[in-house]
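Have a look at coords-v2.txt below; it lists compact mmCIF, C-alpha atoms.
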```
# COMPACT_ATOMS: atom_id res chain seq x y z
CA MET W 6 -52.77 -13.79 -2.48
CA ARG W 7 -49.44 -15.51 -2.94
CA TYR W 8 -48.43 -12.78 -5.42
CA PHE W 9 -49.01 -10.06 -2.84
CA ARG W 10 -46.99 -11.96 -0.22
CA VAL W 11 -44.06 -12.23 -2.64
CA LEU W 12 -44.37 -8.53 -3.53
CA GLU W 13 -44.50 -7.63 0.16
CA ALA W 14 -41.35 -9.66 0.83
CA VAL W 15 -39.50 -7.96 -2.04
CA VAL W 16 -40.52 -4.49 -0.86
CA ARG W 17 -39.45 -5.34 2.68
CA ALA W 18 -36.05 -6.57 1.47
CA VAL W 19 -35.51 -3.37 -0.53
CA LEU W 20 -36.46 -1.20 2.44
CA ILE W 21 -34.12 -3.11 4.75
CA THR W 22 -31.27 -2.70 2.24
CA LEU W 23 -31.95 1.01 1.89
CA PHE W 24 -32.07 1.35 5.67
CA LYS W 25 -28.74 -0.38 6.05
CA HIS W 26 -27.14 1.85 3.46
CA THR W 27 -28.47 5.02 5.07
CA ARG W 28 -27.40 4.13 8.59
CA THR W 29 -24.01 2.57 7.75
CA MET W 30 -21.03 4.64 6.70
CA ALA W 31 -18.73 3.47 3.93
CA VAL W 32 -15.05 2.60 4.14
CA ASP W 33 -12.99 4.87 1.89
CA VAL W 34 -9.77 3.51 0.42
CA VAL W 35 -6.36 4.96 -0.43
CA LEU W 36 -4.05 2.75 -2.46
CA GLY W 37 -1.17 2.88 -4.93
CA LEU W 38 -1.67 2.38 -8.66
CA GLN W 39 1.91 1.51 -9.62
CA TRP W 40 4.65 -0.62 -8.04
CA GLY W 41 4.47 1.04 -4.63
CA ASP W 42 6.23 4.15 -3.29
CA GLU W 43 3.54 6.40 -4.79
CA GLY W 44 3.28 8.59 -1.68
CA LYS W 45 0.37 6.92 0.07
CA GLY W 46 1.56 7.90 3.55
CA LYS W 47 1.43 11.61 2.77
CA ILE W 48 -2.06 11.44 1.25
CA VAL W 49 -3.39 9.33 4.14
CA ASP W 50 -1.86 11.72 6.65
CA PHE W 51 -3.52 14.66 4.89
CA LEU W 52 -6.92 12.98 4.61
CA ALA W 53 -6.86 11.52 8.13
CA LYS W 54 -8.23 14.69 9.70
CA GLU W 55 -11.53 13.98 7.92
CA TYR W 56 -11.85 10.51 9.48
CA ASP W 57 -12.32 8.81 12.83
CA ILE W 58 -10.32 5.68 12.03
CA VAL W 59 -7.39 4.81 9.74
CA ALA W 60 -6.84 1.10 9.12
CA ARG W 61 -4.08 -0.92 7.45
CA PHE W 62 -5.60 -3.94 5.71
CA GLN W 63 -2.65 -5.91 4.23
CA GLY W 64 1.10 -6.20 3.96
CA GLY W 65 3.65 -5.94 6.72
CA PRO W 66 6.97 -4.28 7.53
CA ASN W 67 7.90 -4.44 3.84
CA ALA W 68 5.82 -1.25 3.57
CA GLY W 69 7.52 2.10 4.07
CA HIS W 70 5.18 5.08 4.30
CA THR W 71 7.08 8.36 4.57
CA LEU W 72 5.57 11.47 6.15
CA LYS W 73 7.15 14.90 6.39
CA PHE W 74 5.85 17.79 8.46
CA ASP W 75 7.23 20.45 10.79
CA GLY W 76 10.62 19.88 9.20
CA LYS W 77 10.81 16.25 10.39
CA LYS W 78 10.64 12.96 8.52
CA TYR W 79 8.86 9.85 9.78
CA VAL W 80 8.77 6.39 8.19
CA LEU W 81 6.05 3.92 9.17
CA HIS W 82 6.14 0.22 8.31
CA THR W 83 3.27 -1.37 10.24
CA VAL W 84 1.54 1.46 12.09
CA PRO W 85 -1.13 3.29 10.02
CA SER W 86 -0.27 6.78 8.77
CA GLY W 87 -3.05 8.39 10.80
CA ILE W 88 -1.15 7.90 14.05
CA PHE W 89 0.14 11.50 14.07
CA ARG W 90 -3.39 12.92 14.15
CA ASP W 91 -4.57 13.40 17.74
CA ASP W 92 -7.63 11.41 18.89
CA LEU W 93 -7.66 9.33 15.70
CA ILE W 94 -8.01 5.55 16.09
CA ASN W 95 -5.51 3.48 14.08
CA ILE W 96 -6.12 -0.18 13.30
CA ILE W 97 -3.68 -2.88 12.22
CA GLY W 98 -6.14 -5.21 10.50
CA ASN W 99 -6.31 -8.97 10.22
CA GLY W 100 -4.80 -8.91 6.71
CA VAL W 101 -1.53 -7.45 8.03
CA VAL W 102 1.42 -9.60 9.13
CA ILE W 103 3.32 -8.28 12.15
CA ASP W 104 6.95 -8.54 13.22
CA PRO W 105 7.14 -7.57 16.92
CA ILE W 106 10.75 -6.37 16.48
CA THR W 107 9.93 -3.94 13.68
CA LEU W 108 6.76 -2.79 15.42
CA SER W 109 8.66 -2.11 18.64
CA LYS W 110 11.17 0.06 16.76
CA GLU W 111 8.30 2.07 15.30
CA LEU W 112 6.76 2.53 18.73
CA ASP W 113 10.13 3.74 20.06
CA LYS W 114 10.18 6.45 17.41
CA LEU W 115 6.60 7.42 18.22
CA ASP W 116 7.63 7.69 21.87
CA ASP W 117 10.54 9.92 20.87
CA ALA W 118 8.11 12.11 18.93
CA ARG W 119 5.84 12.18 22.00
CA VAL W 120 2.94 10.61 20.13
CA ASP W 121 0.36 9.21 22.53
CA TYR W 122 -0.79 5.98 20.87
CA ALA W 123 -1.57 3.65 23.81
CA GLU W 124 -5.36 4.03 23.51
CA ARG W 125 -5.39 4.80 19.80
CA LEU W 126 -3.49 1.88 18.25
CA LEU W 127 -5.55 -1.29 17.92
CA VAL W 128 -4.27 -4.65 16.70
CA SER W 129 -6.43 -7.38 15.22
CA ASN W 130 -6.34 -10.64 17.11
CA LYS W 131 -6.50 -12.36 13.72
CA ALA W 132 -3.35 -10.71 12.30
CA HIS W 133 -0.56 -13.21 11.70
CA LEU W 134 2.84 -13.05 13.38
CA ILE W 135 6.15 -13.00 11.52
CA LEU W 136 8.37 -15.47 13.37
CA PRO W 137 12.20 -15.33 13.47
CA THR W 138 12.33 -18.44 11.30
CA HIS W 139 10.06 -16.75 8.74
CA VAL W 140 12.79 -14.15 8.27
CA TYR W 141 15.45 -16.87 8.19
CA LEU W 142 13.47 -18.87 5.62
CA ASP W 143 12.91 -15.77 3.49
CA ALA W 144 16.63 -14.99 3.40
CA ALA W 145 17.63 -18.60 2.65
CA SER W 146 15.05 -18.97 -0.12
CA GLU W 147 15.98 -15.69 -1.80
CA ALA W 148 19.72 -16.42 -1.62
CA ALA W 149 19.16 -19.80 -3.27
CA LYS W 150 17.48 -18.18 -6.28
CA GLY W 151 20.71 -16.52 -7.40
CA LYS W 152 20.08 -14.45 -10.53
CA ASN W 153 16.38 -15.31 -10.39
CA LYS W 154 15.73 -13.37 -7.18
CA ILE W 155 12.33 -11.71 -7.02
CA GLY W 156 13.58 -8.76 -4.96
CA SER W 157 12.19 -9.76 -1.57
CA THR W 158 12.66 -7.24 1.25
CA LEU W 159 13.77 -10.24 3.39
CA LYS W 160 11.32 -9.29 6.15
CA GLY W 161 9.70 -12.75 6.30
CA ILE W 162 6.51 -11.55 4.62
CA GLY W 163 6.20 -14.30 1.99
CA PRO W 164 6.83 -17.26 4.33
CA THR W 165 4.35 -15.80 6.84
CA TYR W 166 1.58 -15.56 4.25
CA MET W 167 2.50 -19.08 3.07
CA ASP W 168 1.93 -20.37 6.59
CA LYS W 169 -1.32 -18.42 6.74
CA THR W 170 -2.70 -20.03 3.60
CA GLY W 171 -1.19 -23.34 4.65
CA ARG W 172 -3.09 -23.08 7.96
CA ASN W 173 0.08 -23.29 10.03
CA GLY W 174 0.55 -19.73 11.18
CA LEU W 175 0.40 -18.10 14.58
CA ARG W 176 -1.94 -15.15 15.10
CA VAL W 177 -1.84 -12.32 17.59
CA GLY W 178 -4.74 -13.89 19.47
CA ASP W 179 -2.62 -17.01 20.00
CA LEU W 180 -0.36 -15.01 22.32
CA LEU W 181 -2.96 -15.53 25.04
CA ALA W 182 -3.00 -19.33 24.64
CA ALA W 183 -1.51 -21.38 27.47
CA ASP W 184 0.40 -23.54 24.99
CA PHE W 185 1.73 -20.67 22.84
CA LYS W 186 5.37 -21.68 23.35
CA GLN W 187 4.60 -25.22 22.25
CA ARG W 188 2.81 -23.97 19.12
CA TYR W 189 5.74 -21.70 18.38
CA GLU W 190 8.25 -24.53 18.75
CA THR W 191 6.25 -26.79 16.41
CA ILE W 192 6.31 -24.21 13.61
CA LYS W 193 9.96 -23.37 14.29
CA GLN W 194 11.03 -26.99 13.83
CA LYS W 195 9.03 -27.23 10.63
CA HIS W 196 10.81 -24.13 9.31
CA LEU W 197 14.23 -25.44 10.28
CA LYS W 198 13.61 -28.59 8.24
CA LEU W 199 12.73 -26.45 5.23
CA ILE W 200 15.76 -24.21 5.75
CA SER W 201 18.04 -27.27 5.79
CA LEU W 202 17.11 -27.85 2.14
CA TYR W 203 18.77 -24.56 1.13
CA PRO W 204 22.47 -23.68 1.00
CA GLU W 205 23.69 -22.39 4.35
CA ILE W 206 23.56 -18.63 4.96
CA ASP W 207 24.77 -16.37 7.75
CA PHE W 208 21.79 -15.84 10.08
CA ASP W 209 21.92 -15.50 13.88
CA LEU W 210 18.67 -17.22 14.79
CA ASP W 211 19.37 -17.22 18.55
CA ALA W 212 19.82 -13.44 18.64
CA ARG W 213 16.75 -12.87 16.48
CA GLU W 214 14.67 -15.19 18.61
CA ALA W 215 15.76 -13.52 21.87
CA ALA W 216 14.85 -10.09 20.52
CA TRP W 217 11.55 -11.40 19.14
CA PHE W 218 10.33 -12.79 22.47
CA ASP W 219 11.47 -9.64 24.23
CA LYS W 220 9.51 -7.36 21.88
CA LEU W 221 6.53 -9.69 21.98
CA GLU W 222 5.69 -8.21 25.38
CA ARG W 223 5.46 -4.78 23.75
CA LEU W 224 2.91 -6.11 21.28
CA LYS W 225 0.90 -7.81 24.02
CA ALA W 226 0.67 -4.49 25.87
CA LEU W 227 -1.23 -2.90 22.96
CA LYS W 228 -5.01 -3.02 22.61
CA ILE W 229 -5.69 -6.39 20.96
CA VAL W 230 -9.27 -6.60 19.73
CA ASP W 231 -11.50 -8.40 17.26
CA THR W 232 -11.28 -5.68 14.64
CA LEU W 233 -14.06 -7.26 12.57
CA TYR W 234 -16.64 -6.34 15.20
CA TYR W 235 -14.87 -3.09 16.01
CA VAL W 236 -15.01 -1.91 12.39
CA HIS W 237 -18.64 -2.91 11.89
CA ASN W 238 -19.74 -1.33 15.15
CA ALA W 239 -17.91 1.85 14.19
CA LEU W 240 -19.66 1.95 10.81
CA ASP W 241 -23.04 1.43 12.46
CA GLN W 242 -22.26 4.37 14.74
CA GLY W 243 -21.58 6.60 11.76
CA LYS W 244 -17.79 6.62 12.14
CA LYS W 245 -15.68 7.50 9.10
CA ILE W 246 -13.02 4.92 8.22
CA LEU W 247 -10.10 5.26 5.83
CA ALA W 248 -8.38 2.05 4.67
CA GLU W 249 -4.68 2.50 3.92
CA GLY W 250 -3.09 0.27 1.31
CA ALA W 251 0.55 -0.82 1.31
CA GLN W 252 2.81 -1.54 -1.67
CA GLY W 253 1.09 -0.95 -5.05
CA SER W 254 -1.50 -2.51 -7.33
CA MET W 255 1.14 -3.95 -9.66
CA LEU W 256 2.50 -5.96 -6.72
CA ASP W 257 -0.86 -7.63 -6.05
CA ILE W 258 -0.52 -11.40 -5.72
CA ASP W 259 -3.27 -12.02 -8.29
CA PHE W 260 -3.18 -9.02 -10.64
CA GLY W 261 0.41 -7.82 -10.35
CA THR W 262 3.47 -8.73 -12.41
CA PHE W 263 3.64 -12.29 -11.09
CA PRO W 264 5.92 -13.76 -9.77
CA PHE W 265 7.60 -10.43 -8.99
CA VAL W 266 4.85 -9.45 -6.56
CA THR W 267 4.15 -9.28 -2.87
CA SER W 268 2.18 -11.96 -1.00
CA SER W 269 -1.08 -10.15 -0.36
CA ASN W 270 -3.93 -8.46 -2.21
CA THR W 271 -2.92 -4.83 -2.48
CA ILE W 272 -6.05 -3.80 -4.38
CA THR W 273 -9.49 -2.64 -3.21
CA ALA W 274 -10.70 -6.23 -2.85
CA GLY W 275 -8.03 -6.67 -0.15
CA VAL W 276 -9.92 -4.23 2.06
CA CYS W 277 -12.80 -6.69 2.27
CA THR W 278 -10.65 -9.63 3.33
CA GLY W 279 -8.14 -7.56 5.31
CA LEU W 280 -10.71 -5.77 7.47
CA GLY W 281 -13.80 -7.94 7.09
CA VAL W 282 -16.06 -5.38 5.40
CA ASN W 283 -18.60 -6.14 2.70
CA PRO W 284 -18.06 -5.03 -0.92
CA HIS W 285 -21.06 -2.68 -0.76
CA GLN W 286 -19.43 -0.92 2.20
CA ILE W 287 -16.60 0.40 0.02
CA GLY W 288 -17.00 4.12 -0.67
CA ARG W 289 -14.41 6.41 -2.25
CA VAL W 290 -11.43 4.71 -3.87
CA ILE W 291 -8.57 7.19 -4.15
CA GLY W 292 -5.84 5.94 -6.46
CA ILE W 293 -2.39 7.44 -6.04
CA MET W 294 0.14 7.66 -8.84
CA LYS W 295 3.46 9.36 -9.34
CA ALA W 296 3.86 11.77 -12.25
CA TYR W 297 6.45 9.26 -13.47
CA CYS W 298 7.04 5.63 -12.48
CA THR W 299 9.37 3.70 -10.17
CA ARG W 300 9.98 0.16 -9.08
CA VAL W 301 12.16 -1.48 -6.40
CA GLY W 302 13.69 -4.90 -6.91
CA SER W 303 13.36 -7.30 -9.83
CA GLY W 304 10.54 -7.67 -12.31
CA PRO W 305 9.26 -6.19 -15.58
CA PHE W 306 9.18 -2.41 -15.98
CA PRO W 307 8.38 -1.44 -19.61
CA THR W 308 9.10 2.30 -19.32
CA GLU W 309 12.30 2.01 -17.25
CA LEU W 310 15.01 4.51 -18.13
CA HIS W 311 18.65 3.43 -18.13
CA ASP W 312 20.00 6.82 -19.12
CA GLU W 313 20.67 10.19 -17.50
CA ASN W 314 16.94 10.92 -17.38
CA GLY W 315 16.39 7.89 -15.16
CA GLN W 316 19.27 8.90 -12.91
CA HIS W 317 17.98 12.47 -12.71
CA LEU W 318 14.54 11.25 -11.63
CA ARG W 319 16.21 9.10 -8.98
CA ASP W 320 18.26 12.00 -7.67
CA VAL W 321 15.63 14.74 -7.68
CA GLY W 322 12.92 12.40 -6.38
CA GLN W 323 15.17 10.88 -3.70
CA GLU W 324 14.14 7.50 -5.05
CA TYR W 325 15.58 5.16 -2.47
CA GLY W 326 13.44 2.61 -0.65
CA ALA W 327 12.07 3.77 2.72
CA THR W 328 12.24 0.19 3.99
CA THR W 329 15.36 -1.23 2.32
CA GLY W 330 17.27 1.86 1.19
CA ARG W 331 17.68 0.27 -2.24
CA PRO W 332 17.79 2.66 -5.22
CA ARG W 333 14.53 2.61 -7.13
CA ARG W 334 14.38 1.97 -10.84
CA CYS W 335 12.88 5.02 -12.57
CA GLY W 336 10.99 5.54 -15.80
CA TRP W 337 8.38 7.55 -17.64
CA LEU W 338 4.70 7.35 -16.78
CA ASP W 339 2.97 4.24 -18.17
CA LEU W 340 -0.74 4.92 -18.77
CA VAL W 341 -1.45 1.37 -20.00
CA GLN W 342 -0.37 0.12 -16.60
CA VAL W 343 -2.16 2.88 -14.64
CA LYS W 344 -5.47 2.34 -16.47
CA TYR W 345 -5.20 -1.41 -15.80
CA ALA W 346 -4.76 -0.71 -12.08
CA MET W 347 -7.66 1.75 -12.08
CA MET W 348 -9.93 -0.86 -13.65
CA VAL W 349 -8.99 -3.51 -11.09
CA ASN W 350 -9.55 -1.13 -8.17
CA GLY W 351 -12.66 0.76 -9.24
CA VAL W 352 -10.93 4.12 -8.70
CA THR W 353 -13.32 7.05 -8.17
CA GLU W 354 -10.73 9.82 -7.85
CA MET W 355 -7.01 10.35 -8.23
CA ALA W 356 -4.05 11.85 -6.42
CA MET W 357 -0.79 12.61 -8.18
CA THR W 358 2.53 12.97 -6.38
CA LYS W 359 5.99 14.21 -7.35
CA ILE W 360 4.92 16.37 -10.28
CA ASP W 361 7.54 18.77 -8.89
CA CYS W 362 10.26 16.27 -9.81
CA LEU W 363 9.56 16.82 -13.52
CA GLY W 364 10.44 20.52 -13.32
CA ASP W 365 13.87 20.21 -14.98
CA PHE W 366 12.86 18.41 -18.16
CA ASP W 367 12.54 20.11 -21.54
CA GLU W 368 10.33 17.25 -22.68
CA ILE W 369 8.32 14.62 -20.81
CA GLN W 370 7.44 11.26 -22.32
CA VAL W 371 4.26 9.29 -21.52
CA ALA W 372 3.47 5.77 -22.74
CA HIS W 373 -0.14 5.57 -23.99
CA SER W 374 0.18 2.13 -25.60
CA TYR W 375 2.50 -0.83 -26.20
CA ASN W 376 3.76 -2.33 -29.42
CA THR W 377 4.15 -6.09 -29.42
CA LEU W 378 4.98 -8.12 -32.54
CA GLY W 379 4.08 -5.13 -34.69
CA GLN W 380 0.67 -4.64 -33.12
CA SER W 381 -0.31 -1.66 -30.98
CA THR W 382 -2.32 -2.38 -27.83
CA ARG W 383 -3.62 -0.54 -24.79
CA GLU W 384 -4.16 -3.72 -22.82
CA LEU W 385 -1.65 -5.11 -20.35
CA PRO W 386 -0.31 -8.42 -21.72
CA PHE W 387 -0.07 -11.62 -19.72
CA GLU W 388 3.73 -11.52 -19.84
CA LEU W 389 4.90 -7.95 -19.30
CA SER W 390 8.58 -8.88 -19.56
CA ASP W 391 8.20 -10.10 -23.17
CA GLU W 392 11.23 -8.78 -25.07
CA SER W 393 9.05 -7.98 -28.09
CA LEU W 394 7.05 -5.47 -26.06
CA ALA W 395 7.95 -1.79 -26.44
CA PRO W 396 6.17 1.29 -25.05
CA GLU W 397 4.77 3.77 -27.56
CA TYR W 398 5.45 7.27 -26.27
CA THR W 399 3.94 10.69 -26.77
CA ALA W 400 6.09 13.71 -25.91
CA TYR W 401 4.78 16.67 -23.89
CA PRO W 402 6.55 19.97 -23.19
CA GLY W 403 8.19 20.43 -19.80
CA TRP W 404 7.73 23.56 -17.70
CA LYS W 405 11.26 24.19 -16.45
CA MET W 406 10.06 25.70 -13.20
CA ASP W 407 10.20 24.99 -9.47
CA LEU W 408 6.69 24.17 -8.22
CA SER W 409 7.39 24.46 -4.50
CA GLY W 410 5.04 26.80 -2.68
CA ILE W 411 2.31 26.63 -5.33
CA ASP W 412 -1.05 25.84 -3.73
CA SER W 413 -3.44 26.26 -6.65
CA LEU W 414 -3.77 24.56 -10.03
CA ASP W 415 -4.27 27.97 -11.63
CA ASP W 416 -0.83 29.05 -10.41
CA LEU W 417 0.96 26.11 -12.01
CA PRO W 418 2.83 26.83 -15.24
CA ALA W 419 0.71 26.30 -18.36
CA ALA W 420 2.64 23.19 -19.43
CA ALA W 421 2.07 21.54 -16.01
CA GLN W 422 -1.65 22.37 -16.19
CA GLU W 423 -1.79 20.85 -19.67
CA TYR W 424 0.01 17.72 -18.43
CA ILE W 425 -2.59 17.26 -15.68
CA ALA W 426 -5.48 17.95 -18.06
CA MET W 427 -4.09 15.41 -20.53
CA LEU W 428 -3.90 12.76 -17.81
CA GLU W 429 -7.44 13.46 -16.60
CA SER W 430 -8.71 13.11 -20.15
CA ALA W 431 -6.77 9.89 -20.75
CA LEU W 432 -7.77 8.33 -17.42
CA ASP W 433 -11.32 9.72 -17.34
CA VAL W 434 -11.07 10.34 -13.59
CA PRO W 435 -10.32 13.71 -11.96
CA PHE W 436 -7.32 14.53 -9.81
CA THR W 437 -8.53 15.73 -6.44
CA TYR W 438 -5.03 16.10 -4.99
CA VAL W 439 -1.74 17.09 -6.62
CA SER W 440 1.41 16.97 -4.50
CA THR W 441 4.14 19.54 -5.22
CA GLY W 442 6.66 18.46 -2.58
CA PRO W 443 7.32 16.04 0.28
CA GLU W 444 5.98 18.26 3.09
CA ARG W 445 2.42 17.83 4.39
CA LYS W 446 1.53 21.38 3.31
CA SER W 447 2.82 20.90 -0.26
CA LEU W 448 -0.48 19.63 -1.62
CA ILE W 449 -2.93 21.21 -4.03
CA THR W 450 -6.56 20.37 -3.34
CA THR W 451 -8.53 20.83 -6.55
CA ASN W 452 -12.07 22.07 -6.93
CA THR W 453 -13.17 18.48 -7.59
CA ALA W 454 -12.08 17.38 -4.10
CA TYR W 455 -14.66 15.44 -2.14
CA SER W 456 -15.92 17.00 1.08
CA THR W 457 -16.88 14.66 3.91
```
Same coordinates, now as structure tokens:
Amino acid sequence: MRYFRVLEAVVRAVLITLFKHTRTMAVDVVLGLQWGDEGKGKIVDFLAKEYDIVARFQGGPNAGHTLKFDGKKYVLHTVPSGIFRDDLINIIGNGVVIDPITLSKELDKLDDARVDYAERLLVSNKAHLILPTHVYLDAASEAAKGKNKIGSTLKGIGPTYMDKTGRNGLRVGDLLAADFKQRYETIKQKHLKLISLYPEIDFDLDAREAAWFDKLERLKALKIVDTLYYVHNALDQGKKILAEGAQGSMLDIDFGTFPFVTSSNTITAGVCTGLGVNPHQIGRVIGIMKAYCTRVGSGPFPTELHDENGQHLRDVGQEYGATTGRPRRCGWLDLVQVKYAMMVNGVTEMAMTKIDCLGDFDEIQVAHSYNTLGQSTRELPFELSDESLAPEYTAYPGWKMDLSGIDSLDDLPAAAQEYIAMLESALDVPFTYVSTGPERKSLITTNTAYST
């Protein structure tokens, strides 16, 4: 009798699990597989029409997602890239850190573009606030490092996440507290004590603080909700959600090129903590990579080019940071690094951007392995900046052709088709999207593309 009761309980548990999976939609994910700047904004903007909700799950105004359509260019730092799609809900999740000043500037540009976002932009009450002294502390800390700078965007991101993990931060929901000013002042004084330990820098805290409190009212006017419940209720109602990553997998705080990383989890796992969804609720994972590789700021970059090829990639690809304007370091594609990022993220399909930028090369190099101390390896080492490490390249023929206007893989030059086929074989995951230019319409959707 006891055996049948146990069997009945097991069957019931399985049926309940199956029921949950059939009635609950999954959260699909778009994220970068390199050091950021892979073109996530464009892919999210393109995919957004298939979804009901687009949600940012980590990072802050250090992100710079560039979108181009109708001959105009838009750069988003905090607002999700689905904001330009009418009737689409956009969520700034709890894993994001928010600077009211930067956010207000973004909203001004949306107003100029006549984008109606008032009812479509939701902010998590659990998202942390970037305070003026966070920015001050970031600048003072980075300046004190001298030659050992990590390449911070100086937006206050790191200090804000430090306060979050140190249980000292202020969240959006705290704006409604009667003693908010007192809480703010307590953290401010703590920061000023820390700043006094660094060499003095030029920073107008009074001006920054005045602007911050002024723009705080703009943030408070948005729809502030508990996005945990909002997301789960939406999934239960059959809504389709797309999670938008910021930065890139190699900047992940745990799995990136530490310490030259950002302060959040930029990988698929960050969706769970940044939006409050369960691991089994993750659906498609679309990894985005450039046809070559770039990096902004300091840190190891095995395939970096210091010659005319690197400069040409920078020029033709307009490789300058959307957030900082800094020139990006450029290099050949590194498949050791990409495969590492795919493994960490559980990538189910791929998107490749900027293949058009390779159109002038007679020969294209791709690193399939590394050589370190005379040994060849296809595993990413613990210390990527080891001077004994050298990429092992394979050369592929270029196509010497402008790819603009091409909307089918079959119409690409043979060498470009072979380059894509080689990558699919090496990565063992298909490309569902191939971008041939910065505009929204310059995107090839392959016959392996998923249909929602």
Need to verify the contact set: W:Asn270, 8 Å, all atoms listed in the file, exclusion of same-chain residues closer than 5 positions in sequence. Can you return it as a VMD selection string? chain W and resid 63 257 to 259 275
Atom CA of W:Met30 to atom CA of W:Glu249, straight-line distance in Å: 16.7 Å
Residues of stretch 207-250 of chain W within 10 Å of stretch 77-100 of chain W: nearest atom pair and distance (Å, one decimal) for each, counting only C-alpha atoms, sorted by chain and number, as JSON lines?
```
{"residue": "W:Lys228", "atom": "CA", "partner": "W:Ile96", "partner_atom": "CA", "distance": 9.8}
{"residue": "W:Ile229", "atom": "CA", "partner": "W:Ile97", "partner_atom": "CA", "distance": 9.6}
{"residue": "W:Val230", "atom": "CA", "partner": "W:Ile96", "partner_atom": "CA", "distance": 9.6}
{"residue": "W:Asp231", "atom": "CA", "partner": "W:Asn99", "partner_atom": "CA", "distance": 8.8}
{"residue": "W:Thr232", "atom": "CA", "partner": "W:Gly98", "partner_atom": "CA", "distance": 6.6}
{"residue": "W:Leu233", "atom": "CA", "partner": "W:Asn99", "partner_atom": "CA", "distance": 8.3}
{"residue": "W:Tyr235", "atom": "CA", "partner": "W:Ile96", "partner_atom": "CA", "distance": 9.6}
{"residue": "W:Val236", "atom": "CA", "partner": "W:Ile96", "partner_atom": "CA", "distance": 9.1}
{"residue": "W:Ile246", "atom": "CA", "partner": "W:Ile94", "partner_atom": "CA", "distance": 9.4}
{"residue": "W:Leu247", "atom": "CA", "partner": "W:Gly87", "partner_atom": "CA", "distance": 9.2}
{"residue": "W:Ala248", "atom": "CA", "partner": "W:Pro85", "partner_atom": "CA", "distance": 9.1}
{"residue": "W:Glu249", "atom": "CA", "partner": "W:Pro85", "partner_atom": "CA", "distance": 7.1}
{"residue": "W:Gly250", "atom": "CA", "partner": "W:Pro85", "partner_atom": "CA", "distance": 9.4}
```
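With only C-alpha atoms as the atoms that count, the minimum distance from W:Phe62 to the choices W:Leu181, W:Ala251, W:Ala239, W:Leu112 is reached by W:Ala251.
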Report, as AutoDock Vina command-line options, the centre and edge lengths in Å (one decimal) of the axis-aligned box enclosing every listed atom of stretch 371-388 of chain W, padded by 8 Å on each side.
```
--center_x 0.4 --center_y -1.2 --center_z -27.2 --size_x 25.1 --size_y 36.9 --size_z 31.0
```
Counting only C-alpha atoms, what is within 9 Å of W:Thr451, bar same-chain residues fewer than 4 positions away, as a list in words? Ser413, Leu414, Phe436, Thr437, Tyr438 and Val439 of chain W
Quick one: residues within 12 Å of W:Asp415, only C-alpha atoms counted, chain neighbours fewer than 3 positions away excluded, as a ChimeraX atom specification? /W:411-412,418-423,425-426,449-452
Give me the residues within 9 Å of stretch 360-366 of chain W as a list in words, counting only C-alpha atoms and dropping any in the same chain fewer than 3 places off. Lys295, Ala296, Tyr297, Asn314, Leu318, Val321, Gly322, Met357, Ile369, Pro402, Gly403, Trp404, Lys405, Met406, Asp407, Leu408, Ser409, Ala421, Val439, Ser440, Thr441 and Gly442 of chain W
Skipping near chain neighbours, those fewer than 4 positions away, what residues fall within 10 Å of stretch 136-144 of chain W using only C-alpha atoms, listed as JSON, numbers by chain? {"W": [103, 104, 105, 106, 148, 149, 157, 158, 159, 160, 161, 162, 163, 164, 165, 166, 167, 168, 174, 175, 189, 192, 193, 194, 195, 196, 197, 199, 200, 201, 203, 206, 207, 208, 209, 210, 211, 212, 213, 214, 215, 216, 217, 218]}
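Counting only C-alpha atoms, the residue from W:Lys446, W:Lys73, W:Lys131, W:Arg300 that sits nearest to W:Tyr325 is W:Arg300.
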